[in-house]
Amino acid sequence: MKTIYYLKILLVFLFWSACCSIDRVSAGTISRYADTVYKKYLMARSLPFEDCGSRYLILYLSISSCNSIPCVMYRGSTVQVNVLFDDDGNNTTYLKHEVRWIFNAIKTDAHISPDPCDGDHECISNETDGKTYYAVVHVNNTLPMVRGTMMWQAVNEYNQDVICFKVPVYIQLPEDD
């Protein structure tokens, strides 16, 4: 509730500053401040994750059917992962992913699609507040039914590590319908 109150105050202030004559330096400062506040808001609404060395700022992470940690994932299912990130104006148009399941220090490769994420697959798009990409992870039927981690790494077209995050997961048998 406090967030809405503060956002309303910020919007009134921004509206007032746009209506009144303010020099460009002040308007630019206000615009950058509003952008920073909005990015922090997105990050607060994101699914919790551990950053493991991202070059780009991950603003928001969502995983389908997951709204709490650890993410429950069912054997034989597919899970969509969406990431909103700030690429610092680098115009990212290509990401090659490497996704691993980590269970008791044993790493197993996960199959995802599309990979690479590029212009042919339309999985990267420009948003007003950054770049977004999506990919689908296939939860293999042979994964052990234990708690572990999904580690997601992505490199750009120059093979530079740009995104890395870890999410706690719990693999289960599919629910009966």
# chains A, B, ... in the order shown; residues from 1 in each chain; ligands from 1
>>> residues_around(residues="Glu98 in chain A", least_positions_apart="3", cutoff="9 Å", atoms="only C-alpha atoms", output="JSON, numbers by chain")
{"A": [109, 110, 111, 112, 115, 151, 152, 153, 154, 155]}
>>> atom_distance(atom1="CA of Val79 in chain A", atom2="CA of Ser64 in chain A")
5.7 Å
>>> closest_residue(among="A:Thr128, A:Pro174, A:Ala44, A:Thr149", to="Val99 in chain A", atoms="only C-alpha atoms")
A:Thr149
>>> closest_residue(among="A:Leu173, A:Ile163, A:Leu61, A:Leu42", to="Val83 in chain A", atoms="only C-alpha atoms")
A:Leu61
>>> residues_around(residues="Phe49 in chain A", least_positions_apart="4", cutoff="7 Å", atoms="only C-alpha atoms", output="list in words")
Phe165, Lys166 and Val167 of chain A
>>> write_last_selection(atoms="N, CA and C atoms", output="short mmCIF file (atom, residue, chain, number, x, y, z; two decimals), in the first residue's frame")
data_model
loop_
_atom_site.label_atom_id
_atom_site.label_comp_id
_atom_site.auth_asym_id
_atom_site.auth_seq_id
_atom_site.Cartn_x
_atom_site.Cartn_y
_atom_site.Cartn_z
N PHE A 165 22.27 -16.41 -13.47
CA PHE A 165 21.48 -16.44 -12.25
C PHE A 165 21.20 -17.88 -11.84
N LYS A 166 20.94 -18.04 -10.54
CA LYS A 166 20.60 -19.35 -9.98
C LYS A 166 19.26 -19.24 -9.26
N VAL A 167 18.46 -20.29 -9.40
CA VAL A 167 17.16 -20.34 -8.74
C VAL A 167 17.02 -21.70 -8.06
#
>>> select_by_dssp(residues="range 17-172 of chain A", states="strand (DSSP E or B)", output="ChimeraX atom specification")
/A:50-51,57-63,66,71-74,78-86,95-103,106-109,111-113,117,124-127,130-138,147-155,161-172
>>> residues_around(residues="range 69-78 of chain A", least_positions_apart="6", cutoff="9 Å", atoms="only C-alpha atoms", output="list in words")
Leu47, Pro48, Phe49, Ile63, Val136, Val137, His138, Val139, Asn140, Asn141, Thr142, Leu143, Pro144, Met145, Arg147, Gly148, Thr149, Val167, Pro168, Val169, Tyr170, Ile171, Gln172, Leu173, Pro174 and Glu175 of chain A
>>> write_last_selection(atoms="N, CA and C atoms", output="CSV table (one decimal), in the first residue's frame")
chain,number,residue,atom,x,y,z
A,47,LEU,N,10.9,-12.7,-9.2
A,47,LEU,CA,11.1,-13.9,-8.5
A,47,LEU,C,12.5,-13.9,-7.9
A,48,PRO,N,12.7,-14.2,-6.6
A,48,PRO,CA,14.1,-14.1,-6.0
A,48,PRO,C,15.0,-15.1,-6.8
A,49,PHE,N,16.3,-14.6,-7.0
A,49,PHE,CA,17.3,-15.4,-7.6
A,49,PHE,C,18.6,-14.9,-7.1
A,63,ILE,N,9.3,-17.3,-13.8
A,63,ILE,CA,9.3,-18.6,-14.3
A,63,ILE,C,7.8,-19.1,-14.2
A,136,VAL,N,12.2,-21.7,-23.1
A,136,VAL,CA,11.5,-22.8,-22.5
A,136,VAL,C,12.5,-23.9,-22.1
A,137,VAL,N,12.4,-24.3,-20.8
A,137,VAL,CA,13.2,-25.3,-20.2
A,137,VAL,C,12.4,-26.6,-20.2
A,138,HIS,N,13.1,-27.7,-20.6
A,138,HIS,CA,12.4,-29.0,-20.6
A,138,HIS,C,12.9,-29.7,-19.3
A,139,VAL,N,12.0,-30.1,-18.5
A,139,VAL,CA,12.3,-30.8,-17.2
A,139,VAL,C,12.3,-32.3,-17.5
A,140,ASN,N,13.5,-32.8,-17.6
A,140,ASN,CA,13.7,-34.2,-18.0
A,140,ASN,C,13.0,-35.2,-17.1
A,141,ASN,N,12.5,-36.3,-17.6
A,141,ASN,CA,11.9,-37.3,-16.8
A,141,ASN,C,12.9,-38.1,-15.9
A,142,THR,N,14.2,-38.0,-16.2
A,142,THR,CA,15.1,-38.7,-15.4
A,142,THR,C,15.8,-37.9,-14.2
A,143,LEU,N,15.3,-36.7,-14.1
A,143,LEU,CA,15.9,-35.8,-13.0
A,143,LEU,C,15.5,-36.4,-11.6
A,144,PRO,N,16.4,-36.4,-10.7
A,144,PRO,CA,16.0,-36.9,-9.3
A,144,PRO,C,15.0,-36.0,-8.7
A,145,MET,N,14.2,-36.6,-7.8
A,145,MET,CA,13.2,-35.8,-7.1
A,145,MET,C,13.8,-35.3,-5.8
A,147,ARG,N,15.7,-31.5,-4.0
A,147,ARG,CA,15.9,-30.0,-4.1
A,147,ARG,C,17.3,-29.8,-4.8
A,148,GLY,N,17.4,-28.7,-5.5
A,148,GLY,CA,18.6,-28.4,-6.2
A,148,GLY,C,18.6,-27.0,-6.7
A,149,THR,N,19.3,-26.8,-7.8
A,149,THR,CA,19.4,-25.4,-8.3
A,149,THR,C,19.3,-25.5,-9.9
A,167,VAL,N,18.5,-20.3,-9.4
A,167,VAL,CA,17.2,-20.3,-8.7
A,167,VAL,C,17.0,-21.7,-8.1
A,168,PRO,N,16.7,-21.7,-6.8
A,168,PRO,CA,16.4,-23.0,-6.1
A,168,PRO,C,15.2,-23.7,-6.7
A,169,VAL,N,15.3,-25.0,-6.9
A,169,VAL,CA,14.2,-25.8,-7.5
A,169,VAL,C,13.9,-27.0,-6.7
A,170,TYR,N,12.8,-27.6,-6.9
A,170,TYR,CA,12.4,-28.9,-6.3
A,170,TYR,C,11.7,-29.7,-7.4
A,171,ILE,N,12.3,-30.8,-7.7
A,171,ILE,CA,11.7,-31.6,-8.8
A,171,ILE,C,10.7,-32.6,-8.2
A,172,GLN,N,9.5,-32.7,-8.8
A,172,GLN,CA,8.5,-33.7,-8.3
A,172,GLN,C,7.9,-34.4,-9.5
A,173,LEU,N,7.2,-35.5,-9.1
A,173,LEU,CA,6.5,-36.3,-10.1
A,173,LEU,C,5.3,-35.4,-10.6
A,174,PRO,N,4.8,-35.6,-11.8
A,174,PRO,CA,3.7,-34.8,-12.3
A,174,PRO,C,2.4,-35.0,-11.4
A,175,GLU,N,1.6,-34.0,-11.2
A,175,GLU,CA,0.4,-34.1,-10.4
A,175,GLU,C,-0.6,-34.9,-11.3
>>> select_by_dssp(residues="range 8-163 of chain A", states="alpha helix (DSSP H)", output="number ranges by chain")
A: 8-19, 24-45
>>> decode(residues="range 36-62 of chain A", atoms="N, CA and C atoms", output="tab-separated table (two decimals), in the first residue's frame")
chain	number	residue	atom	x	y	z
A	36	THR	N	15.21	5.06	-12.28
A	36	THR	CA	15.84	4.28	-11.22
A	36	THR	C	14.79	3.71	-10.27
A	37	VAL	N	13.81	4.52	-9.91
A	37	VAL	CA	12.73	4.07	-9.02
A	37	VAL	C	11.96	2.93	-9.68
A	38	TYR	N	11.65	3.07	-10.95
A	38	TYR	CA	10.90	2.04	-11.66
A	38	TYR	C	11.69	0.73	-11.74
A	39	LYS	N	12.98	0.82	-12.01
A	39	LYS	CA	13.82	-0.38	-12.07
A	39	LYS	C	13.87	-1.08	-10.71
A	40	LYS	N	13.96	-0.31	-9.65
A	40	LYS	CA	13.96	-0.92	-8.31
A	40	LYS	C	12.61	-1.57	-8.02
A	41	TYR	N	11.55	-0.96	-8.48
A	41	TYR	CA	10.21	-1.54	-8.31
A	41	TYR	C	10.13	-2.88	-9.03
A	42	LEU	N	10.61	-2.94	-10.28
A	42	LEU	CA	10.62	-4.20	-11.04
A	42	LEU	C	11.43	-5.27	-10.31
A	43	MET	N	12.59	-4.89	-9.81
A	43	MET	CA	13.46	-5.84	-9.12
A	43	MET	C	12.79	-6.38	-7.85
A	44	ALA	N	12.02	-5.54	-7.18
A	44	ALA	CA	11.33	-5.98	-5.97
A	44	ALA	C	10.20	-6.96	-6.30
A	45	ARG	N	9.61	-6.86	-7.48
A	45	ARG	CA	8.52	-7.74	-7.90
A	45	ARG	C	9.01	-9.03	-8.54
A	46	SER	N	10.30	-9.13	-8.80
A	46	SER	CA	10.90	-10.28	-9.47
A	46	SER	C	10.88	-11.52	-8.59
A	47	LEU	N	10.91	-12.67	-9.21
A	47	LEU	CA	11.13	-13.92	-8.49
A	47	LEU	C	12.53	-13.86	-7.90
A	48	PRO	N	12.71	-14.21	-6.64
A	48	PRO	CA	14.06	-14.15	-6.05
A	48	PRO	C	15.04	-15.07	-6.78
A	49	PHE	N	16.25	-14.59	-6.96
A	49	PHE	CA	17.29	-15.37	-7.61
A	49	PHE	C	18.64	-14.92	-7.08
A	50	GLU	N	19.65	-15.74	-7.31
A	50	GLU	CA	21.03	-15.38	-6.95
A	50	GLU	C	21.77	-15.02	-8.22
A	51	ASP	N	22.28	-13.80	-8.27
A	51	ASP	CA	23.09	-13.40	-9.42
A	51	ASP	C	24.46	-14.04	-9.28
A	52	CYS	N	24.93	-14.67	-10.34
A	52	CYS	CA	26.22	-15.36	-10.28
A	52	CYS	C	27.22	-14.77	-11.27
A	53	GLY	N	27.19	-13.45	-11.41
A	53	GLY	CA	28.18	-12.77	-12.24
A	53	GLY	C	27.65	-12.15	-13.50
A	54	SER	N	26.44	-11.60	-13.47
A	54	SER	CA	25.86	-10.98	-14.66
A	54	SER	C	26.56	-9.65	-14.97
A	55	ARG	N	26.85	-9.44	-16.23
A	55	ARG	CA	27.37	-8.15	-16.68
A	55	ARG	C	26.21	-7.16	-16.83
A	56	TYR	N	25.06	-7.66	-17.27
A	56	TYR	CA	23.87	-6.83	-17.41
A	56	TYR	C	23.03	-6.94	-16.15
A	57	LEU	N	22.32	-5.87	-15.84
A	57	LEU	CA	21.45	-5.84	-14.67
A	57	LEU	C	20.15	-6.58	-14.97
A	58	ILE	N	19.88	-7.63	-14.21
A	58	ILE	CA	18.62	-8.36	-14.35
A	58	ILE	C	17.57	-7.60	-13.55
A	59	LEU	N	16.56	-7.09	-14.26
A	59	LEU	CA	15.52	-6.29	-13.62
A	59	LEU	C	14.36	-7.13	-13.13
A	60	TYR	N	14.05	-8.18	-13.87
A	60	TYR	CA	12.87	-8.96	-13.53
A	60	TYR	C	13.03	-10.38	-14.06
A	61	LEU	N	12.68	-11.36	-13.23
A	61	LEU	CA	12.72	-12.77	-13.62
A	61	LEU	C	11.38	-13.39	-13.29
A	62	SER	N	10.82	-14.12	-14.25
A	62	SER	CA	9.61	-14.89	-13.96
A	62	SER	C	9.77	-16.28	-14.57
